[in-house]
>>> print(open('upload-v8.txt').read())   # compact mmCIF, C-alpha atoms and all ligand atoms
# COMPACT_ATOMS: atom_id res chain seq x y z
CA MET S 1420 -67.52 40.82 161.72
CA GLU S 1421 -68.48 37.64 159.86
CA PRO S 1422 -65.84 36.60 157.32
CA GLN S 1423 -68.20 36.92 154.33
CA GLN S 1424 -68.90 40.57 155.12
CA ARG S 1425 -65.23 41.40 155.28
CA ILE S 1426 -64.30 40.37 151.74
CA GLN S 1427 -64.37 43.28 149.28
CA MET S 1428 -65.17 42.48 145.67
CA THR S 1429 -63.99 44.29 142.52
CA LEU S 1430 -65.21 42.65 139.32
CA THR S 1431 -63.29 42.61 136.06
CA LYS S 1432 -64.48 44.84 133.25
CA THR S 1433 -63.19 42.51 130.56
CA LYS S 1434 -63.92 38.83 131.02
CA LYS S 1435 -61.48 36.53 129.27
CA GLN S 1436 -62.58 34.19 126.54
CA LYS S 1437 -62.98 30.68 127.99
CA PRO S 1438 -60.47 28.12 126.69
CA ASN S 1439 -61.45 24.95 124.88
CA PHE S 1440 -62.32 22.86 127.93
CA ALA S 1441 -61.67 19.66 125.99
CA GLN S 1442 -57.97 20.52 125.54
CA LEU S 1443 -56.76 21.95 128.82
CA GLU S 1444 -53.11 21.73 129.75
CA PHE S 1445 -52.48 21.55 133.51
CA GLY S 1446 -51.87 24.90 135.16
CA ARG S 1447 -51.69 27.18 132.11
CA THR S 1448 -55.09 28.89 132.12
CA PHE S 1449 -56.38 31.09 134.93
CA THR S 1450 -59.82 32.46 135.68
CA ASP S 1451 -61.00 36.10 135.68
CA HIS S 1452 -60.54 36.82 139.39
CA MET S 1453 -58.29 36.02 142.34
CA PHE S 1454 -58.40 36.44 146.09
CA VAL S 1455 -55.75 38.61 147.77
CA MET S 1456 -55.05 39.58 151.38
CA ASP S 1457 -52.11 41.47 152.92
CA TYR S 1458 -50.14 41.10 156.12
CA SER S 1459 -48.09 43.66 157.97
CA GLU S 1460 -46.75 43.49 161.50
CA ASP S 1461 -48.88 46.35 162.76
CA LYS S 1462 -52.17 45.39 161.06
CA GLY S 1463 -51.91 41.59 160.90
CA TRP S 1464 -53.84 40.07 157.97
CA HIS S 1465 -56.00 42.78 156.42
CA ASP S 1466 -57.83 43.96 153.32
CA PRO S 1467 -59.21 40.59 152.11
CA ARG S 1468 -60.49 41.12 148.58
CA ILE S 1469 -61.51 39.48 145.34
CA VAL S 1470 -60.05 41.38 142.40
CA PRO S 1471 -59.46 40.86 138.67
CA TYR S 1472 -56.71 38.27 137.94
CA GLU S 1473 -53.68 40.27 136.84
CA PRO S 1474 -49.88 40.46 137.16
CA ILE S 1475 -48.57 41.85 140.44
CA THR S 1476 -45.79 44.32 141.17
CA LEU S 1477 -43.16 43.54 143.79
CA ASP S 1478 -39.94 45.18 144.87
CA PRO S 1479 -36.96 43.31 143.31
CA ALA S 1480 -35.56 42.97 146.84
CA ALA S 1481 -38.70 41.16 148.09
CA ILE S 1482 -37.61 38.24 150.27
CA ILE S 1483 -39.55 35.70 148.20
CA PHE S 1484 -37.15 36.19 145.25
CA HIS S 1485 -34.00 35.62 147.27
CA TYR S 1486 -34.69 33.21 150.08
CA GLY S 1487 -37.88 31.48 148.96
CA GLN S 1488 -39.97 32.15 152.04
CA THR S 1489 -43.27 30.98 150.61
CA VAL S 1490 -45.86 28.21 150.98
CA PHE S 1491 -48.67 26.84 148.83
CA GLU S 1492 -51.60 24.44 148.73
CA GLY S 1493 -53.37 22.48 145.99
CA LEU S 1494 -56.96 21.22 145.91
CA LYS S 1495 -59.81 20.99 143.43
CA ALA S 1496 -63.47 21.89 142.91
CA TYR S 1497 -65.63 19.36 141.09
CA ILE S 1498 -69.00 19.73 139.34
CA THR S 1499 -71.43 16.91 140.03
CA LYS S 1500 -74.03 15.56 137.63
CA ASP S 1501 -76.63 17.51 139.65
CA HIS S 1502 -74.68 20.71 138.92
CA GLU S 1503 -73.45 21.11 142.48
CA VAL S 1504 -69.92 22.29 143.24
CA HIS S 1505 -67.94 20.01 145.56
CA LEU S 1506 -64.75 20.64 147.49
CA PHE S 1507 -62.90 17.65 148.98
CA ARG S 1508 -61.77 18.12 152.60
CA PRO S 1509 -60.68 21.75 152.04
CA ASP S 1510 -60.32 22.25 155.81
CA LYS S 1511 -57.37 19.81 155.69
CA ASN S 1512 -55.63 21.99 153.11
CA MET S 1513 -56.11 25.13 155.19
CA GLN S 1514 -54.74 23.35 158.28
CA ARG S 1515 -51.74 22.18 156.29
CA LEU S 1516 -51.23 25.69 154.90
CA ASN S 1517 -50.89 26.90 158.47
CA ARG S 1518 -48.51 24.07 159.38
CA SER S 1519 -46.38 25.08 156.39
CA ASN S 1520 -46.64 28.73 157.50
CA GLU S 1521 -45.44 27.76 160.96
CA ARG S 1522 -42.41 25.88 159.55
CA LEU S 1523 -41.42 28.82 157.33
CA CYS S 1524 -41.83 31.43 160.14
CA MET S 1525 -44.84 32.91 158.38
CA PRO S 1526 -47.98 34.23 160.08
CA GLN S 1527 -51.01 32.00 160.69
CA ILE S 1528 -54.07 32.63 158.51
CA ASP S 1529 -57.66 32.50 159.77
CA GLU S 1530 -58.70 29.14 158.26
CA ASP S 1531 -62.41 30.01 158.26
CA LEU S 1532 -61.76 33.23 156.41
CA ALA S 1533 -59.52 31.45 153.87
CA LEU S 1534 -62.22 28.83 153.27
CA GLU S 1535 -64.93 31.47 152.96
CA ALA S 1536 -62.75 33.40 150.48
CA LEU S 1537 -62.23 30.21 148.51
CA LYS S 1538 -65.97 29.51 148.35
CA GLN S 1539 -66.84 33.07 147.30
CA LEU S 1540 -64.17 33.05 144.61
CA ILE S 1541 -65.34 29.71 143.23
CA ALA S 1542 -69.00 30.76 143.29
CA LEU S 1543 -68.01 33.85 141.28
CA GLU S 1544 -65.95 31.75 138.80
CA ARG S 1545 -68.44 28.90 138.52
CA ASP S 1546 -68.55 29.14 134.70
CA TRP S 1547 -64.86 28.24 134.69
CA ILE S 1548 -65.38 24.79 136.20
CA PRO S 1549 -65.20 22.34 133.33
CA THR S 1550 -68.02 19.79 133.29
CA GLU S 1551 -66.60 16.90 131.28
CA LYS S 1552 -65.82 13.67 133.05
CA GLY S 1553 -62.64 13.80 135.11
CA THR S 1554 -62.14 17.56 134.71
CA SER S 1555 -62.06 20.02 137.59
CA LEU S 1556 -61.04 23.46 138.76
CA TYR S 1557 -57.60 23.38 140.37
CA ILE S 1558 -57.26 25.73 143.35
CA ARG S 1559 -53.89 27.17 144.31
CA PRO S 1560 -53.74 29.13 147.59
CA PHE S 1561 -50.26 30.50 148.34
CA VAL S 1562 -48.43 32.99 150.53
CA ILE S 1563 -45.36 35.01 149.54
CA SER S 1564 -42.99 37.17 151.58
CA THR S 1565 -42.99 40.70 150.18
CA GLU S 1566 -40.70 42.76 152.40
CA PRO S 1567 -37.85 44.40 150.42
CA TYR S 1568 -34.85 43.24 152.47
CA LEU S 1569 -31.71 41.27 151.63
CA GLY S 1570 -30.99 40.17 155.19
CA VAL S 1571 -31.76 36.52 155.94
CA ALA S 1572 -34.69 36.89 158.32
CA PRO S 1573 -38.43 36.24 158.29
CA SER S 1574 -40.27 38.88 156.31
CA THR S 1575 -42.48 41.36 158.16
CA GLN S 1576 -44.84 41.63 155.16
CA TYR S 1577 -46.73 38.93 153.27
CA ARG S 1578 -49.43 38.50 150.67
CA PHE S 1579 -51.87 35.60 150.47
CA PHE S 1580 -53.45 34.68 147.12
CA ILE S 1581 -55.92 32.15 145.81
CA ILE S 1582 -55.84 31.57 142.06
CA LEU S 1583 -57.92 29.09 140.05
CA SER S 1584 -57.12 27.06 136.96
CA PRO S 1585 -59.49 24.80 134.99
CA VAL S 1586 -57.81 21.43 134.41
CA GLY S 1587 -58.51 18.49 132.12
CA ALA S 1588 -58.87 14.87 133.15
CA TYR S 1589 -55.56 13.54 134.48
CA TYR S 1590 -56.27 10.22 132.78
CA LYS S 1591 -57.97 10.49 129.42
CA GLU S 1592 -58.24 6.74 128.78
CA GLY S 1593 -58.43 5.14 132.21
CA ILE S 1594 -55.71 5.10 134.83
CA ASN S 1595 -52.33 4.28 133.47
CA PRO S 1596 -49.35 2.64 135.24
CA VAL S 1597 -46.04 4.52 135.06
CA LYS S 1598 -42.33 3.59 135.17
CA ILE S 1599 -40.48 4.82 138.24
CA LEU S 1600 -36.76 5.14 138.90
CA VAL S 1601 -35.53 4.72 142.49
CA GLU S 1602 -33.33 7.77 143.11
CA ASN S 1603 -29.96 6.92 144.66
CA GLU S 1604 -28.08 10.19 144.39
CA TYR S 1605 -30.34 13.19 145.02
CA VAL S 1606 -32.71 13.58 147.95
CA ARG S 1607 -35.94 15.57 148.17
CA ALA S 1608 -35.95 16.33 151.88
CA VAL S 1609 -34.45 15.24 155.19
CA ALA S 1610 -35.96 14.97 158.65
CA GLY S 1611 -35.54 18.36 160.26
CA GLY S 1612 -35.68 20.07 156.86
CA THR S 1613 -38.78 21.40 155.13
CA GLY S 1614 -40.13 18.21 153.55
CA THR S 1615 -43.31 18.30 155.63
CA ALA S 1616 -44.14 21.80 154.38
CA LYS S 1617 -45.50 22.63 150.93
CA THR S 1618 -42.79 25.18 150.20
CA ALA S 1619 -41.13 26.13 146.92
CA GLY S 1620 -37.59 25.03 147.82
CA ASN S 1621 -38.55 21.36 148.05
CA TYR S 1622 -39.80 21.40 144.46
CA ALA S 1623 -36.79 23.34 143.16
CA ALA S 1624 -34.60 20.72 144.86
CA SER S 1625 -36.47 17.89 143.13
CA LEU S 1626 -36.12 19.12 139.54
CA LYS S 1627 -32.65 17.69 138.84
CA ALA S 1628 -33.54 14.11 139.73
CA GLN S 1629 -36.75 14.39 137.72
CA GLU S 1630 -34.78 15.63 134.70
CA VAL S 1631 -32.32 12.74 134.90
CA ALA S 1632 -35.14 10.19 135.34
CA GLU S 1633 -36.95 11.52 132.27
CA GLU S 1634 -33.77 11.31 130.20
CA LYS S 1635 -33.61 7.63 131.14
CA GLY S 1636 -37.22 7.04 130.12
CA TYR S 1637 -38.89 7.09 133.55
CA SER S 1638 -41.78 9.34 134.42
CA GLN S 1639 -40.94 10.03 138.07
CA VAL S 1640 -38.47 9.17 140.81
CA LEU S 1641 -39.00 7.24 144.02
CA TRP S 1642 -37.39 9.22 146.82
CA LEU S 1643 -35.43 7.43 149.53
CA ASP S 1644 -34.63 8.90 152.94
CA GLY S 1645 -31.87 11.51 152.96
CA LEU S 1646 -29.73 9.92 155.68
CA GLU S 1647 -29.27 6.26 154.83
CA LYS S 1648 -30.88 6.17 151.36
CA LYS S 1649 -32.59 2.93 152.35
CA TYR S 1650 -36.12 3.83 153.33
CA ILE S 1651 -38.94 4.78 150.97
CA GLU S 1652 -40.41 8.27 151.31
CA GLU S 1653 -42.47 9.47 148.33
CA VAL S 1654 -42.86 9.16 144.58
CA GLY S 1655 -42.43 12.42 142.62
CA SER S 1656 -44.69 14.80 144.54
CA MET S 1657 -47.04 12.06 145.67
CA ASN S 1658 -47.24 9.75 148.68
CA ILE S 1659 -46.77 6.03 148.02
CA PHE S 1660 -48.46 2.76 148.97
CA PHE S 1661 -47.41 -0.89 148.54
CA LYS S 1662 -49.76 -3.87 148.64
CA MET S 1663 -47.57 -6.77 149.75
CA ASN S 1664 -47.54 -9.78 152.04
CA GLY S 1665 -51.30 -9.50 152.67
CA GLU S 1666 -51.37 -5.87 153.74
CA VAL S 1667 -51.09 -2.33 152.47
CA VAL S 1668 -47.99 -0.48 153.67
CA THR S 1669 -47.21 3.22 153.40
CA PRO S 1670 -44.16 4.96 154.86
CA ALA S 1671 -44.90 6.43 158.30
CA LEU S 1672 -44.72 10.22 158.59
CA ASN S 1673 -41.12 10.77 159.66
CA GLY S 1674 -40.48 14.49 159.51
CA SER S 1675 -39.56 14.63 155.82
CA ILE S 1676 -42.67 13.17 154.13
CA LEU S 1677 -45.44 15.56 153.08
CA GLU S 1678 -48.68 14.53 154.76
CA GLY S 1679 -51.11 14.18 151.84
CA VAL S 1680 -54.86 14.61 152.16
CA THR S 1681 -55.27 11.81 149.62
CA ARG S 1682 -52.91 9.60 151.69
CA ASP S 1683 -55.03 10.13 154.80
CA SER S 1684 -58.27 9.51 152.88
CA ILE S 1685 -56.92 6.23 151.48
CA ILE S 1686 -55.83 5.02 154.91
CA GLN S 1687 -59.32 5.80 156.23
CA LEU S 1688 -61.02 4.03 153.30
CA LEU S 1689 -58.87 0.91 153.70
CA LYS S 1690 -59.68 0.75 157.41
CA TYR S 1691 -63.38 1.20 156.62
CA TRP S 1692 -63.17 -1.74 154.19
CA GLU S 1693 -61.26 -3.74 156.81
CA ILE S 1694 -58.24 -4.12 154.56
CA PRO S 1695 -55.09 -4.25 156.72
CA VAL S 1696 -53.11 -1.03 156.34
CA VAL S 1697 -49.98 -0.02 158.24
CA GLU S 1698 -47.86 3.11 158.38
CA ARG S 1699 -44.28 2.15 159.10
CA LYS S 1700 -40.68 2.44 158.00
CA LEU S 1701 -40.30 0.55 154.72
CA GLY S 1702 -36.95 -0.26 153.14
CA ILE S 1703 -36.45 -0.58 149.38
CA GLU S 1704 -34.62 -3.86 150.09
CA GLU S 1705 -37.75 -5.23 151.79
CA VAL S 1706 -39.85 -4.28 148.77
CA TYR S 1707 -37.40 -6.07 146.48
CA GLU S 1708 -37.49 -9.18 148.68
CA ALA S 1709 -41.31 -9.14 148.54
CA TYR S 1710 -41.07 -8.80 144.76
CA LYS S 1711 -38.69 -11.76 144.43
CA SER S 1712 -40.98 -13.97 146.51
CA GLY S 1713 -44.03 -12.95 144.46
CA GLN S 1714 -45.61 -11.01 147.34
CA LEU S 1715 -45.50 -7.52 145.82
CA GLU S 1716 -48.98 -7.12 144.36
CA GLU S 1717 -49.54 -3.41 143.76
CA VAL S 1718 -47.72 -0.10 144.09
CA PHE S 1719 -49.38 3.29 143.66
CA GLY S 1720 -48.76 6.98 144.29
CA THR S 1721 -51.46 9.22 145.76
CA GLY S 1722 -52.13 12.96 145.46
CA THR S 1723 -54.77 15.50 144.51
CA ALA S 1724 -53.75 15.76 140.85
CA ALA S 1725 -53.90 12.07 139.82
CA VAL S 1726 -55.73 10.68 142.90
CA ILE S 1727 -54.11 7.26 142.28
CA SER S 1728 -51.11 6.73 140.04
CA PRO S 1729 -50.27 3.02 139.67
CA VAL S 1730 -46.63 2.01 139.31
CA GLY S 1731 -46.08 -0.57 136.58
CA GLU S 1732 -42.30 -0.76 136.81
CA LEU S 1733 -39.85 0.07 139.57
CA ARG S 1734 -36.18 0.31 138.69
CA TRP S 1735 -33.72 0.08 141.61
CA GLN S 1736 -30.06 0.24 140.53
CA ASP S 1737 -29.69 -2.79 138.20
CA LYS S 1738 -32.87 -4.46 139.41
CA LYS S 1739 -36.16 -4.16 137.60
CA MET S 1740 -39.49 -4.94 139.25
CA ILE S 1741 -42.53 -5.35 136.99
CA ILE S 1742 -45.58 -4.93 139.17
CA ASN S 1743 -48.87 -6.67 138.43
CA ASP S 1744 -47.71 -7.30 134.82
CA GLY S 1745 -47.53 -3.55 134.35
CA GLN S 1746 -51.31 -3.33 134.74
CA THR S 1747 -53.47 -1.32 137.14
CA GLY S 1748 -54.22 -3.47 140.18
CA LYS S 1749 -57.71 -4.21 141.50
CA LEU S 1750 -57.22 -2.30 144.73
CA SER S 1751 -55.71 0.72 142.94
CA GLN S 1752 -58.71 0.80 140.61
CA LYS S 1753 -61.21 0.42 143.46
CA LEU S 1754 -59.59 3.22 145.46
CA TYR S 1755 -59.56 5.46 142.40
CA ASP S 1756 -63.20 4.74 141.57
CA THR S 1757 -64.32 5.28 145.16
CA LEU S 1758 -62.41 8.49 145.82
CA THR S 1759 -63.33 10.09 142.50
CA GLY S 1760 -66.92 8.84 143.01
CA ILE S 1761 -67.08 10.66 146.35
CA GLN S 1762 -65.55 13.78 144.80
CA TYR S 1763 -67.99 13.87 141.87
CA GLY S 1764 -70.96 12.88 144.02
CA THR S 1765 -71.68 9.53 142.35
CA GLU S 1766 -70.69 7.54 145.46
CA PRO S 1767 -71.90 7.98 149.03
CA ASP S 1768 -69.69 10.07 151.34
CA PRO S 1769 -69.65 8.10 154.60
CA PHE S 1770 -66.93 10.30 156.12
CA GLY S 1771 -68.50 13.71 155.46
CA TRP S 1772 -65.56 14.76 153.32
CA ILE S 1773 -67.48 16.85 150.81
CA VAL S 1774 -68.02 20.58 151.35
CA LYS S 1775 -70.51 22.16 148.97
CA VAL S 1776 -70.09 25.62 147.44
CA LYS S 1777 -73.42 27.39 147.48
C1 LIG S 1801 -48.98 17.90 147.71
C2 LIG S 1801 -48.04 16.77 147.89
C3 LIG S 1801 -48.48 15.44 148.14
C4 LIG S 1801 -49.92 15.03 148.06
O1 LIG S 1801 -50.77 15.72 148.90
P1 LIG S 1801 -52.33 15.71 148.62
O2 LIG S 1801 -52.86 16.53 149.74
O3 LIG S 1801 -52.79 14.31 148.66
O4 LIG S 1801 -52.54 16.34 147.29
C5 LIG S 1801 -47.54 14.47 148.42
N1 LIG S 1801 -46.23 14.76 148.41
C6 LIG S 1801 -45.77 15.99 148.14
C7 LIG S 1801 -44.30 16.24 148.16
C8 LIG S 1801 -46.66 17.03 147.86
O5 LIG S 1801 -46.20 18.25 147.56
>>> encode(input="upload-v8.txt", output="structure tokens", more="lines below")
Ligand SMILES: *Cc1c(COP(=O)(O)O)cnc(C)c1O
Amino acid sequence: MEPQQRIQMTLTKTKKQKPNFAQLEFGRTFTDHMFVMDYSEDKGWHDPRIVPYEPITLDPAAIIFHYGQTVFEGLKAYITKDHEVHLFRPDKNMQRLNRSNERLCMPQIDEDLALEALKQLIALERDWIPTEKGTSLYIRPFVISTEPYLGVAPSTQYRFFIILSPVGAYYKEGINPVKILVENEYVRAVAGGTGTAKTAGNYAASLKAQEVAEEKGYSQVLWLDGLEKKYIEEVGSMNIFFKMNGEVVTPALNGSILEGVTRDSIIQLLKYWEIPVVERKLGIEEVYEAYKSGQLEEVFGTGTAAVISPVGELRWQDKKMIINDGQTGKLSQKLYDTLTGIQYGTEPDPFGWIVKVK
């Protein structure tokens, strides 16, 4: 059977009132419907369906509550000025969902079916996609383990969901550099751990450092490697890039860094523009040396939510680095304009990254 014929649809009887799209807070408002599909050992993935968005009932012993066996994804749908709906490289998110599933001993999902479900759900919820500049519909696919069992073992039952949330512009008045604290005590992930998977535990583990950084007046932390605490990994829940000594450097994937779709897109764009870009091990000491010799030009985080998040100040122990006078750099701005231009259909898409929702 073709995937589109397999998805059952039950429409809501009471549509919610739409929020004020000019004042959306990230991740607080959800649309009228969601996609759900179940897994059991004997049936595999079954019963794919679009149903009204509503609370769910789970056994208090469900494995998800105790041992956190769960994975998620995050991507967005954008409305173009020609009223088309664009997804940005959604196949990459579905592939990563399955890599996360594999790491957490969870069953593989049919990526074509997941993408088809996503498209049908978005087509149904089209009125929920905000149209103002910079706004979008955030898409959260996730899988939870539902078997009621207190033994530490992979669940034999799962549920896959896709929920949608209209979100406002990340930057209301142009992109804005942030202050970052280099984290010396806590670590986000270690090689061999689950850092390469989008799984709940990594984010729970990151909250403490984030709390401490905020108390000190910083907006995020820069994570160093968990073994030697010397090498740069990520910033908050974004990947990170440094423009220094005539090239762009980003930490190489090392078994604890999450492989961002935005990261990959930026590497491809830089290569296309013939700007030197390298993925390698990068020490915080080396960055500080580049700063002292005036060679550290730009630093920016990358991820679906902000696209590009410039770093204006980097604090490492007692050393303070002010980057590009605390202003957004030229390359950061150009990458932001190009990527968002491709997403909103105002720039050409030379890589075929856009998938349209019919
Ligand atoms: C999701 C995520 C990213 C960014 O990935 P994108 O696919 O670019 O959104 C980077 N680091 C972490 C830890 C993440 O969870």
>>> closest_residue(input="upload-v8.txt", among="S:Val1730, S:Lys1437, S:Pro1526, S:Phe1580", to="Lys1462 of chain S", atoms="all atoms listed in the file")
S:Pro1526
>>> residues_around(input="upload-v8.txt", residues="segment 1482-1495 of chain S", least_positions_apart="3", cutoff="8 Å", atoms="only C-alpha atoms", output="count of residues only")
35
>>> atom_distance(input="upload-v8.txt", atom1="atom CA of Leu1540 of chain S", atom2="atom CA of Asp1466 of chain S")
15.3 Å
>>> closest_residue(input="upload-v8.txt", among="S:Met1525, S:Ile1594, S:Leu1677, S:Leu1758", to="Glu1460 of chain S", atoms="only C-alpha atoms")
S:Met1525
>>> residues_around(input="upload-v8.txt", residues="Phe1770 of chain S", least_positions_apart="6", cutoff="12 Å", atoms="only C-alpha atoms", output="number ranges by chain")
S: 1507-1508, 1683-1685, 1687-1688, 1691, 1758, 1761-1762
>>> atom_distance(input="upload-v8.txt", atom1="atom C6 of ligand LIG 1801 (chain S)", atom2="atom CA of Asn1603 of chain S")
18.6 Å
>>> closest_residue(input="upload-v8.txt", among="S:Leu1733, S:Ala1572, S:Ala1724, S:Ile1686", to="ligand LIG 1801 (chain S)", atoms="all atoms listed in the file")
S:Ala1724
>>> residues_around(input="upload-v8.txt", residues="segment 1742-1753 of chain S", least_positions_apart="3", cutoff="10 Å", atoms="only C-alpha atoms", output="ChimeraX atom specification")
/S:1593-1598,1660,1662,1667,1689,1710,1713,1715-1721,1726-1733,1739,1756-1759
>>> atom_distance(input="upload-v8.txt", atom1="atom CA of Leu1537 of chain S", atom2="atom CA of Ile1426 of chain S")
10.9 Å
>>> residues_around(input="upload-v8.txt", residues="Ala1610 of chain S", least_positions_apart="3", cutoff="10 Å", atoms="only C-alpha atoms", output="list in words")
Thr1613, Gly1614, Thr1615, Asp1644, Gly1645, Leu1646, Leu1672, Asn1673, Gly1674, Ser1675 and Ile1676 of chain S
>>> residues_around(input="upload-v8.txt", residues="Gly1446 of chain S", least_positions_apart="4", cutoff="8 Å", atoms="all atoms listed in the file", output="VMD selection string")
chain S and resid 1557 1584 to 1586
>>> closest_residue(input="upload-v8.txt", among="S:Val1504, S:Met1657, S:Val1776, S:Leu1701", to="ligand LIG 1801 (chain S)", atoms="all atoms listed in the file")
S:Met1657
>>> closest_residue(input="upload-v8.txt", among="S:Glu1704, S:Glu1634, S:Glu1652, S:Glu1473", to="ligand LIG 1801 (chain S)", atoms="all atoms listed in the file")
S:Glu1652
>>> closest_residue(input="upload-v8.txt", among="S:Val1697, S:Ala1725, S:Met1453, S:Val1680", to="Pro1467 of chain S", atoms="all atoms listed in the file")
S:Met1453
>>> axis_aligned_box(input="upload-v8.txt", around="segment 1595-1598 of chain S", padding_each_side="8 Å", output="lines of an AutoDock Vina configuration file")
center_x = -47.3
center_y = 3.6
center_z = 134.4
size_x = 26.0
size_y = 17.9
size_z = 17.8
>>> residues_near_point(input="upload-v8.txt", point="(-74.6, 16.0, 138.4)", cutoff="10 Å", atoms="only C-alpha atoms", output="PyMOL selection string")
chain S and resi 1497-1504+1550+1763-1765
>>> build_atoms(input="upload-v8.txt", residues="segment 1695-1701 of chain S", atoms="all heavy atoms", output="short mmCIF file (atom, residue, chain, number, x, y, z; two decimals), in the coordinates of the input")
data_model
loop_
_atom_site.label_atom_id
_atom_site.label_comp_id
_atom_site.auth_asym_id
_atom_site.auth_seq_id
_atom_site.Cartn_x
_atom_site.Cartn_y
_atom_site.Cartn_z
N PRO S 1695 -56.19 -4.64 155.83
CA PRO S 1695 -55.09 -4.25 156.72
C PRO S 1695 -54.19 -3.19 156.08
O PRO S 1695 -53.77 -3.33 154.94
CB PRO S 1695 -54.31 -5.57 156.90
CG PRO S 1695 -55.24 -6.64 156.48
CD PRO S 1695 -56.20 -6.06 155.50
N VAL S 1696 -53.97 -2.11 156.83
CA VAL S 1696 -53.11 -1.03 156.34
C VAL S 1696 -52.21 -0.59 157.48
O VAL S 1696 -52.67 -0.42 158.61
CB VAL S 1696 -53.93 0.15 155.75
CG1 VAL S 1696 -55.00 0.64 156.72
CG2 VAL S 1696 -53.03 1.30 155.31
N VAL S 1697 -50.92 -0.46 157.20
CA VAL S 1697 -49.98 -0.02 158.24
C VAL S 1697 -49.10 1.12 157.73
O VAL S 1697 -48.71 1.15 156.57
CB VAL S 1697 -49.06 -1.17 158.74
CG1 VAL S 1697 -49.85 -2.17 159.58
CG2 VAL S 1697 -48.37 -1.88 157.60
N GLU S 1698 -48.80 2.03 158.64
CA GLU S 1698 -47.86 3.11 158.38
C GLU S 1698 -46.60 2.74 159.15
O GLU S 1698 -46.63 2.64 160.37
CB GLU S 1698 -48.41 4.43 158.91
CG GLU S 1698 -49.70 4.88 158.27
CD GLU S 1698 -50.29 6.10 158.98
OE1 GLU S 1698 -49.66 7.17 158.96
OE2 GLU S 1698 -51.36 5.96 159.57
N ARG S 1699 -45.53 2.51 158.42
CA ARG S 1699 -44.28 2.15 159.10
C ARG S 1699 -43.09 2.45 158.19
O ARG S 1699 -43.26 2.78 157.02
CB ARG S 1699 -44.30 0.67 159.49
CG ARG S 1699 -44.37 -0.31 158.31
CD ARG S 1699 -44.13 -1.74 158.82
NE ARG S 1699 -44.39 -2.75 157.82
CZ ARG S 1699 -43.51 -3.19 156.91
NH1 ARG S 1699 -42.31 -2.65 156.83
NH2 ARG S 1699 -43.84 -4.14 156.07
N LYS S 1700 -41.91 2.31 158.77
CA LYS S 1700 -40.68 2.44 158.00
C LYS S 1700 -40.63 1.31 156.99
O LYS S 1700 -40.89 0.15 157.35
CB LYS S 1700 -39.52 2.31 158.98
CG LYS S 1700 -38.47 3.37 158.84
CD LYS S 1700 -37.40 3.22 159.91
CE LYS S 1700 -36.20 4.04 159.50
NZ LYS S 1700 -35.27 4.27 160.58
N LEU S 1701 -40.31 1.60 155.75
CA LEU S 1701 -40.30 0.55 154.72
C LEU S 1701 -39.05 0.70 153.87
O LEU S 1701 -38.88 1.71 153.17
CB LEU S 1701 -41.57 0.67 153.87
CG LEU S 1701 -41.69 -0.31 152.70
CD1 LEU S 1701 -41.74 -1.75 153.19
CD2 LEU S 1701 -42.93 0.01 151.86
#
